[in-house]
file model.txt (compact mmCIF, C-alpha atoms)
# COMPACT_ATOMS: atom_id res chain seq x y z
CA MET A 1 9.80 55.30 -67.93
CA ASN A 2 12.40 53.72 -65.66
CA SER A 3 14.67 51.07 -67.15
CA PRO A 4 14.09 47.51 -65.87
CA THR A 5 16.47 46.52 -63.09
CA LEU A 6 18.70 43.45 -63.12
CA GLY A 7 19.77 41.44 -60.10
CA VAL A 8 22.33 38.64 -60.10
CA ALA A 9 22.35 35.79 -57.59
CA LEU A 10 25.23 33.45 -56.77
CA ILE A 11 25.56 30.53 -54.37
CA THR A 12 29.06 29.92 -53.04
CA LYS A 13 31.23 27.62 -50.93
CA ASN A 14 34.98 28.25 -50.92
CA ALA A 15 34.80 29.97 -54.30
CA ALA A 16 37.61 32.50 -53.86
CA ARG A 17 39.64 31.27 -56.84
CA ARG A 18 37.39 32.61 -59.63
CA LEU A 19 35.03 34.87 -57.69
CA PRO A 20 36.88 38.17 -58.28
CA GLU A 21 36.80 37.66 -62.07
CA CYS A 22 33.18 36.52 -61.90
CA LEU A 23 32.00 39.55 -59.91
CA THR A 24 34.05 42.08 -61.89
CA ALA A 25 32.32 40.92 -65.07
CA LEU A 26 28.92 41.55 -63.43
CA ALA A 27 29.49 45.26 -62.89
CA PHE A 28 26.65 46.03 -65.32
CA ALA A 29 24.04 44.58 -62.90
CA ASP A 30 22.01 46.75 -60.53
CA ARG A 31 22.36 44.39 -57.61
CA ILE A 32 24.36 41.27 -56.73
CA VAL A 33 23.56 38.87 -53.89
CA VAL A 34 25.73 36.00 -52.70
CA LEU A 35 24.31 33.17 -50.59
CA ASP A 36 27.27 31.41 -49.00
CA SER A 37 27.26 27.96 -47.42
CA GLY A 38 29.91 28.55 -44.78
CA SER A 39 33.11 29.22 -46.71
CA ASP A 40 36.37 29.12 -44.78
CA ASP A 41 38.40 30.93 -47.45
CA ASP A 42 38.13 34.55 -48.63
CA THR A 43 34.84 34.09 -50.50
CA VAL A 44 32.70 36.29 -48.25
CA ALA A 45 35.32 39.06 -48.02
CA ILE A 46 35.76 39.10 -51.80
CA ALA A 47 32.01 39.27 -52.38
CA ARG A 48 31.58 42.19 -49.98
CA ALA A 49 34.56 44.01 -51.47
CA HIS A 50 32.80 43.87 -54.85
CA GLY A 51 29.65 45.41 -53.40
CA ALA A 52 27.56 42.24 -53.16
CA LEU A 53 24.97 41.66 -50.46
CA VAL A 54 26.14 38.53 -48.63
CA GLU A 55 23.97 36.12 -46.66
CA VAL A 56 25.18 32.90 -45.02
CA SER A 57 23.06 29.77 -45.07
CA PRO A 58 23.29 27.52 -41.98
CA ASP A 59 22.40 24.38 -43.93
CA TRP A 60 22.81 22.81 -47.38
CA PRO A 61 19.45 21.75 -48.90
CA GLY A 62 20.84 20.97 -52.37
CA PHE A 63 21.57 23.07 -55.44
CA GLY A 64 18.00 23.67 -56.56
CA VAL A 65 16.63 24.89 -53.23
CA GLN A 66 19.75 26.94 -52.52
CA LYS A 67 19.52 28.75 -55.85
CA ASN A 68 15.88 29.59 -55.21
CA ARG A 69 16.85 30.93 -51.80
CA ALA A 70 19.47 33.18 -53.38
CA LEU A 71 17.06 34.47 -56.03
CA ALA A 72 14.50 35.27 -53.31
CA LEU A 73 16.96 37.81 -51.89
CA LEU A 74 16.55 39.96 -55.00
CA ASP A 75 13.74 42.45 -55.64
CA THR A 76 14.75 43.48 -59.18
CA ASP A 77 12.62 43.23 -62.33
CA TRP A 78 14.90 40.65 -63.94
CA LEU A 79 16.92 37.87 -62.32
CA LEU A 80 20.14 36.20 -63.46
CA LEU A 81 21.70 33.17 -61.78
CA ILE A 82 25.46 32.81 -62.22
CA ASP A 83 27.79 30.25 -60.66
CA ALA A 84 30.93 31.49 -58.95
CA ASP A 85 33.14 29.71 -61.50
CA GLU A 86 31.42 31.38 -64.47
CA VAL A 87 32.42 34.64 -66.18
CA VAL A 88 30.13 36.78 -68.36
CA THR A 89 32.00 37.92 -71.46
CA PRO A 90 31.66 41.55 -72.62
CA GLU A 91 29.63 40.36 -75.63
CA LEU A 92 27.18 38.52 -73.39
CA ALA A 93 26.92 41.49 -71.02
CA ALA A 94 26.05 43.75 -73.96
CA SER A 95 23.46 41.24 -75.17
CA ILE A 96 21.84 41.12 -71.73
CA ARG A 97 21.65 44.91 -71.52
CA ALA A 98 20.16 45.09 -75.01
CA VAL A 99 17.49 42.48 -74.40
CA LEU A 100 16.38 44.06 -71.12
CA ALA A 101 15.72 47.29 -73.02
CA ASN A 102 13.44 45.46 -75.45
CA PRO A 103 12.55 41.93 -74.23
CA THR A 104 10.69 39.51 -76.48
CA HIS A 105 10.72 36.56 -74.05
CA ALA A 106 10.27 36.10 -70.32
CA VAL A 107 13.22 33.69 -70.14
CA TYR A 108 16.57 33.74 -71.94
CA ALA A 109 19.24 31.07 -72.38
CA LEU A 110 22.99 31.69 -72.28
CA ASN A 111 25.52 29.69 -74.31
CA ARG A 112 28.09 28.27 -71.89
CA LEU A 113 31.62 27.28 -72.93
CA SER A 114 33.24 25.08 -70.29
CA SER A 115 36.87 24.22 -69.63
CA PHE A 116 38.26 20.93 -68.36
CA CYS A 117 41.68 21.26 -66.71
CA GLY A 118 42.58 24.18 -68.94
CA HIS A 119 41.05 22.90 -72.21
CA TRP A 120 37.96 24.59 -73.65
CA MET A 121 35.61 21.76 -74.60
CA ARG A 122 33.91 22.06 -77.99
CA HIS A 123 32.51 18.52 -78.16
CA ALA A 124 31.56 15.60 -75.84
CA GLY A 125 28.11 17.13 -75.40
CA TRP A 126 29.59 20.16 -73.67
CA PHE A 127 29.13 22.75 -76.44
CA PRO A 128 26.97 24.44 -77.48
CA ASP A 129 25.41 24.41 -74.03
CA TRP A 130 22.30 26.59 -73.93
CA ILE A 131 21.20 27.06 -70.32
CA PRO A 132 18.21 29.22 -69.29
CA ARG A 133 19.44 31.60 -66.60
CA LEU A 134 17.98 35.07 -67.21
CA PHE A 135 14.28 35.59 -66.54
CA ARG A 136 11.66 38.11 -65.61
CA ARG A 137 10.69 38.04 -61.94
CA GLY A 138 7.99 35.43 -61.33
CA ALA A 139 8.48 33.71 -64.70
CA ALA A 140 10.66 30.82 -63.53
CA ARG A 141 12.15 28.94 -60.60
CA PHE A 142 14.66 26.14 -60.14
CA SER A 143 13.61 22.56 -59.46
CA ASP A 144 14.26 21.30 -55.93
CA ASP A 145 16.76 18.64 -57.05
CA LEU A 146 19.87 18.03 -54.95
CA VAL A 147 22.01 18.13 -58.10
CA HIS A 148 21.42 18.67 -61.83
CA GLU A 149 18.68 21.17 -61.01
CA ARG A 150 16.67 22.68 -63.88
CA LEU A 151 15.05 26.05 -64.42
CA LEU A 152 11.30 25.49 -64.63
CA PHE A 153 9.21 27.81 -66.81
CA GLU A 154 6.45 27.81 -69.39
CA GLY A 155 6.93 28.53 -73.08
CA GLY A 156 10.18 28.89 -74.99
CA ALA A 157 13.36 30.73 -74.11
CA GLY A 158 15.13 33.34 -76.18
CA ARG A 159 18.86 33.06 -76.87
CA LEU A 160 21.53 35.63 -76.12
CA ASP A 161 24.68 36.45 -78.08
CA GLY A 162 28.08 36.05 -76.43
CA LEU A 163 29.49 33.30 -74.24
CA LEU A 164 29.35 32.42 -70.57
CA LEU A 165 32.82 31.08 -69.73
CA HIS A 166 32.68 28.21 -67.25
CA TYR A 167 35.86 27.19 -65.42
CA SER A 168 34.22 23.94 -64.40
CA TYR A 169 37.23 21.78 -63.53
CA GLU A 170 40.40 23.70 -62.68
CA ASP A 171 42.71 20.69 -62.17
CA HIS A 172 42.60 16.95 -61.54
CA ALA A 173 42.20 17.40 -57.78
CA ASP A 174 39.06 19.41 -58.57
CA VAL A 175 37.89 16.61 -60.89
CA LEU A 176 38.22 13.98 -58.17
CA ARG A 177 36.50 16.16 -55.57
CA LYS A 178 33.54 16.85 -57.85
CA LEU A 179 33.35 13.22 -58.99
CA ASP A 180 32.84 12.17 -55.37
CA ALA A 181 30.39 15.00 -54.61
CA TYR A 182 28.27 14.53 -57.75
CA SER A 183 28.10 10.75 -57.50
CA THR A 184 27.07 11.00 -53.85
CA ALA A 185 24.39 13.63 -54.53
CA GLY A 186 23.13 11.65 -57.52
CA ALA A 187 22.86 8.49 -55.43
CA ARG A 188 20.92 10.28 -52.69
CA GLN A 189 18.59 11.83 -55.21
CA ARG A 190 17.81 8.46 -56.81
CA PHE A 191 17.46 6.84 -53.40
CA ALA A 192 14.80 9.42 -52.48
CA ARG A 193 12.94 8.41 -55.64
CA GLY A 194 13.05 4.72 -54.70
CA GLN A 195 15.52 3.67 -57.40
CA ARG A 196 17.97 0.78 -56.96
CA GLY A 197 21.68 0.49 -57.70
CA GLY A 198 24.10 -2.42 -57.95
CA LEU A 199 27.36 -3.52 -59.53
CA GLY A 200 25.79 -4.70 -62.78
CA LYS A 201 23.85 -1.49 -63.28
CA ALA A 202 26.94 0.54 -62.34
CA ILE A 203 29.06 -1.20 -65.00
CA LEU A 204 26.43 -1.01 -67.75
CA ARG A 205 25.42 2.59 -67.10
CA GLY A 206 29.02 3.71 -66.62
CA GLY A 207 30.12 2.01 -69.84
CA TRP A 208 27.29 3.59 -71.77
CA ALA A 209 28.20 7.03 -70.37
CA PHE A 210 31.71 6.62 -71.79
CA VAL A 211 30.50 5.45 -75.20
CA ARG A 212 27.94 8.25 -75.43
CA THR A 213 30.43 10.96 -74.44
CA TYR A 214 33.50 9.81 -76.35
CA PHE A 215 32.00 8.37 -79.52
CA ILE A 216 28.40 9.47 -80.04
CA LYS A 217 28.99 13.04 -78.84
CA ARG A 218 32.44 13.07 -80.46
CA GLY A 219 34.51 13.72 -77.37
CA PHE A 220 37.48 12.24 -79.24
CA LEU A 221 37.68 15.49 -81.22
CA ASP A 222 38.81 17.23 -78.02
CA GLY A 223 41.85 14.97 -77.79
CA THR A 224 43.14 13.98 -74.37
CA ALA A 225 40.64 16.23 -72.60
CA GLY A 226 37.77 14.52 -74.45
CA PHE A 227 38.94 11.11 -73.25
CA GLN A 228 39.28 12.39 -69.70
CA VAL A 229 35.78 13.86 -69.75
CA ALA A 230 34.38 10.56 -71.02
CA MET A 231 36.16 8.74 -68.20
CA PHE A 232 34.89 11.29 -65.69
CA ASN A 233 31.31 10.80 -66.86
CA ALA A 234 31.70 7.02 -66.75
CA GLU A 235 33.19 7.00 -63.26
CA THR A 236 30.60 9.42 -61.91
CA VAL A 237 27.78 7.17 -63.13
CA TYR A 238 29.57 4.02 -61.96
CA TYR A 239 30.06 5.27 -58.41
CA ARG A 240 26.60 6.81 -58.34
CA PHE A 241 24.98 3.40 -58.69
CA LEU A 242 27.42 1.71 -56.30
CA LYS A 243 26.67 4.36 -53.68
CA LEU A 244 22.97 3.96 -54.35
CA ALA A 245 23.25 0.23 -53.64
CA ALA A 246 25.16 1.02 -50.44
CA LEU A 247 22.34 3.27 -49.24
CA TRP A 248 19.88 0.39 -49.56
CA ARG A 249 22.27 -2.07 -47.87
CA ALA A 250 22.56 0.33 -44.95
CA GLY A 251 18.94 -0.52 -44.16
CA ARG A 252 17.47 2.84 -45.09
CA GLY A 253 15.55 1.71 -48.16
CA THR A 254 11.84 1.52 -47.52
CA ARG A 255 10.41 2.38 -50.93
CA ASN A 256 9.44 0.09 -53.77
CA PRO A 257 12.40 -0.12 -56.19
CA LYS A 258 12.15 1.46 -59.61
CA SER A 259 14.35 1.01 -62.65
call {"tool": "encode", "arguments": {"input": "model.txt", "output": "structure tokens"}}
result
Amino acid sequence: MNSPTLGVALITKNAARRLPECLTALAFADRIVVLDSGSDDDTVAIARAHGALVEVSPDWPGFGVQKNRALALLDTDWLLLIDADEVVTPELAASIRAVLANPTHAVYALNRLSSFCGHWMRHAGWFPDWIPRLFRRGAARFSDDLVHERLLFEGGAGRLDGLLLHYSYEDHADVLRKLDAYSTAGARQRFARGQRGGLGKAILRGGWAFVRTYFIKRGFLDGTAGFQVAMFNAETVYYRFLKLAALWRAGRGTRNPKS
């Protein structure tokens, strides 16, 4: 009997910084595909040098749709979605290989450990962070959300040993860039659903995001990084609802508002 095959899919845009480490750690996979969104750095060259099949997407439909597009490029028995700033540890790689030899679930979750400007976050709601990413072909797909997409599947997910290292925010310039991108995508997503924004909602929701992250989820135990993450969450929410209000003021709101 042939062993089940594993394919790994990545979506990229100017991901050259961590991509070599990411792809090197995926050497255990049978196939790797990279769906790029028009990088102008060395992302495509790096991916090809590591043996990945590279396709370039002419548009950007959002994270959920783009991840499904990348997964559709694979024809393997099992599929794994990895971000270009994530690195599979040797322990996790061994766990993946072991479970493919004797699977008990159709979907498996990986435990992600994320860094914020060089600090590995153990609190603030960031860890443990079980994310379903490995699944049997046909057992799951990503939601079509612009941002904060979810893997959709039926039943429960198994859990794998080992960590997925996530270099989520390399420096403060990266933090500011992602704050703007995430708040904009979040506003557009809520606008499409007919939701309303405004200054009052921005202040209340942003303040609650800080309290939840720093106090309730014990971000203070991560020291300065925990405070910065709480501020990042608060600002992202704050600007999300201000940008949402701006979309309606621009005269493009035609739906009935929802809370």
call {"tool": "residues_around", "arguments": {"input": "model.txt", "residues": "Leu165 (chain A)", "least_positions_apart": "6", "cutoff": "10 Å", "atoms": "all atoms listed in the file", "output": "PyMOL selection string"}}
result
chain A and resi 22+85-89+111-115+120
call {"tool": "closest_residue", "arguments": {"input": "model.txt", "among": "A:Asp36, A:Gly138, A:Ala16, A:Val107", "to": "Ala72 (chain A)", "atoms": "all atoms listed in the file"}}
result
A:Gly138
call {"tool": "atom_distance", "arguments": {"input": "model.txt", "atom1": "CA of Val147 (chain A)", "atom2": "CA of Arg218 (chain A)"}}
result
25.2 Å
call {"tool": "atom_distance", "arguments": {"input": "model.txt", "atom1": "CA of Leu10 (chain A)", "atom2": "CA of Thr184 (chain A)"}}
result
22.7 Å
call {"tool": "closest_residue", "arguments": {"input": "model.txt", "among": "A:Phe28, A:Phe241, A:Trp60, A:Phe116", "to": "Ala173 (chain A)", "atoms": "all atoms listed in the file"}}
result
A:Phe116
call {"tool": "closest_residue", "arguments": {"input": "model.txt", "among": "A:Asp222, A:Leu244, A:Gly155, A:Lys178", "to": "Gln195 (chain A)", "atoms": "all atoms listed in the file"}}
result
A:Leu244
call {"tool": "residues_around", "arguments": {"input": "model.txt", "residues": "Leu80 (chain A)", "least_positions_apart": "4", "cutoff": "8 Å", "atoms": "only C-alpha atoms", "output": "PyMOL selection string"}}
result
chain A and resi 6-9+133-135
call {"tool": "closest_residue", "arguments": {"input": "model.txt", "among": "A:Gln228, A:Ser37, A:Ser183, A:Gln189", "to": "Asn14 (chain A)", "atoms": "all atoms listed in the file"}}
result
A:Ser37
call {"tool": "closest_residue", "arguments": {"input": "model.txt", "among": "A:Ala93, A:Cys117, A:Val54, A:Val65", "to": "Ser143 (chain A)", "atoms": "all atoms listed in the file"}}
result
A:Val65
call {"tool": "build_atoms", "arguments": {"input": "model.txt", "residues": "region 90-101 of chain A", "atoms": "all heavy atoms", "output": "mmCIF file, in the frame of the given file"}}
result
data_model
loop_
_atom_site.group_PDB
_atom_site.id
_atom_site.type_symbol
_atom_site.label_atom_id
_atom_site.label_comp_id
_atom_site.auth_asym_id
_atom_site.auth_seq_id
_atom_site.Cartn_x
_atom_site.Cartn_y
_atom_site.Cartn_z
ATOM 1 N N PRO A 90 32.206 40.241 -72.254
ATOM 2 C CA PRO A 90 31.660 41.550 -72.620
ATOM 3 C C PRO A 90 30.550 41.446 -73.658
ATOM 4 O O PRO A 90 29.578 42.216 -73.606
ATOM 5 C CB PRO A 90 32.882 42.290 -73.176
ATOM 6 C CG PRO A 90 34.046 41.664 -72.469
ATOM 7 C CD PRO A 90 33.688 40.216 -72.335
ATOM 8 N N GLU A 91 30.668 40.528 -74.615
ATOM 9 C CA GLU A 91 29.630 40.360 -75.630
ATOM 10 C C GLU A 91 28.319 39.896 -75.013
ATOM 11 O O GLU A 91 27.245 40.380 -75.391
ATOM 12 C CB GLU A 91 30.092 39.349 -76.684
ATOM 13 C CG GLU A 91 31.282 39.774 -77.509
ATOM 14 C CD GLU A 91 32.610 39.604 -76.788
ATOM 15 O OE1 GLU A 91 32.637 38.993 -75.690
ATOM 16 O OE2 GLU A 91 33.627 40.101 -77.303
ATOM 17 N N LEU A 92 28.395 38.986 -74.063
ATOM 18 C CA LEU A 92 27.180 38.520 -73.390
ATOM 19 C C LEU A 92 26.582 39.620 -72.535
ATOM 20 O O LEU A 92 25.359 39.790 -72.495
ATOM 21 C CB LEU A 92 27.488 37.286 -72.541
ATOM 22 C CG LEU A 92 26.328 36.716 -71.739
ATOM 23 C CD1 LEU A 92 25.147 36.365 -72.635
ATOM 24 C CD2 LEU A 92 26.781 35.475 -70.949
ATOM 25 N N ALA A 93 27.415 40.370 -71.842
ATOM 26 C CA ALA A 93 26.920 41.490 -71.020
ATOM 27 C C ALA A 93 26.164 42.493 -71.886
ATOM 28 O O ALA A 93 25.089 42.971 -71.507
ATOM 29 C CB ALA A 93 28.081 42.163 -70.300
ATOM 30 N N ALA A 94 26.717 42.807 -73.062
ATOM 31 C CA ALA A 94 26.050 43.750 -73.960
ATOM 32 C C ALA A 94 24.728 43.180 -74.458
ATOM 33 O O ALA A 94 23.731 43.913 -74.587
ATOM 34 C CB ALA A 94 26.969 44.070 -75.140
ATOM 35 N N SER A 95 24.692 41.877 -74.708
ATOM 36 C CA SER A 95 23.460 41.240 -75.170
ATOM 37 C C SER A 95 22.394 41.274 -74.081
ATOM 38 O O SER A 95 21.213 41.502 -74.368
ATOM 39 C CB SER A 95 23.766 39.782 -75.568
ATOM 40 O OG SER A 95 22.610 39.126 -76.020
ATOM 41 N N ILE A 96 22.795 41.070 -72.837
ATOM 42 C CA ILE A 96 21.840 41.120 -71.730
ATOM 43 C C ILE A 96 21.262 42.522 -71.589
ATOM 44 O O ILE A 96 20.050 42.707 -71.451
ATOM 45 C CB ILE A 96 22.522 40.681 -70.414
ATOM 46 C CG1 ILE A 96 22.864 39.187 -70.470
ATOM 47 C CG2 ILE A 96 21.612 40.971 -69.214
ATOM 48 C CD1 ILE A 96 23.684 38.703 -69.290
ATOM 49 N N ARG A 97 22.129 43.526 -71.639
ATOM 50 C CA ARG A 97 21.650 44.910 -71.520
ATOM 51 C C ARG A 97 20.687 45.257 -72.656
ATOM 52 O O ARG A 97 19.662 45.909 -72.453
ATOM 53 C CB ARG A 97 22.837 45.870 -71.523
ATOM 54 C CG ARG A 97 23.673 45.828 -70.255
ATOM 55 C CD ARG A 97 24.612 47.017 -70.187
ATOM 56 N NE ARG A 97 25.590 46.994 -71.268
ATOM 57 C CZ ARG A 97 26.787 46.445 -71.191
ATOM 58 N NH1 ARG A 97 27.167 45.854 -70.052
ATOM 59 N NH2 ARG A 97 27.620 46.477 -72.212
ATOM 60 N N ALA A 98 21.013 44.785 -73.857
ATOM 61 C CA ALA A 98 20.160 45.090 -75.010
ATOM 62 C C ALA A 98 18.796 44.433 -74.898
ATOM 63 O O ALA A 98 17.770 45.055 -75.193
ATOM 64 C CB ALA A 98 20.864 44.647 -76.302
ATOM 65 N N VAL A 99 18.762 43.187 -74.442
ATOM 66 C CA VAL A 99 17.490 42.480 -74.400
ATOM 67 C C VAL A 99 16.600 43.007 -73.275
ATOM 68 O O VAL A 99 15.367 42.992 -73.389
ATOM 69 C CB VAL A 99 17.724 40.955 -74.265
ATOM 70 C CG1 VAL A 99 18.014 40.549 -72.823
ATOM 71 C CG2 VAL A 99 16.525 40.174 -74.784
ATOM 72 N N LEU A 100 17.188 43.493 -72.203
ATOM 73 C CA LEU A 100 16.380 44.060 -71.120
ATOM 74 C C LEU A 100 15.706 45.360 -71.561
ATOM 75 O O LEU A 100 14.638 45.714 -71.054
ATOM 76 C CB LEU A 100 17.241 44.315 -69.886
ATOM 77 C CG LEU A 100 17.780 43.089 -69.164
ATOM 78 C CD1 LEU A 100 18.443 43.492 -67.858
ATOM 79 C CD2 LEU A 100 16.678 42.077 -68.896
ATOM 80 N N ALA A 101 16.319 46.049 -72.509
ATOM 81 C CA ALA A 101 15.720 47.290 -73.020
ATOM 82 C C ALA A 101 14.540 47.004 -73.938
ATOM 83 O O ALA A 101 13.646 47.840 -74.076
ATOM 84 C CB ALA A 101 16.781 48.095 -73.768
#
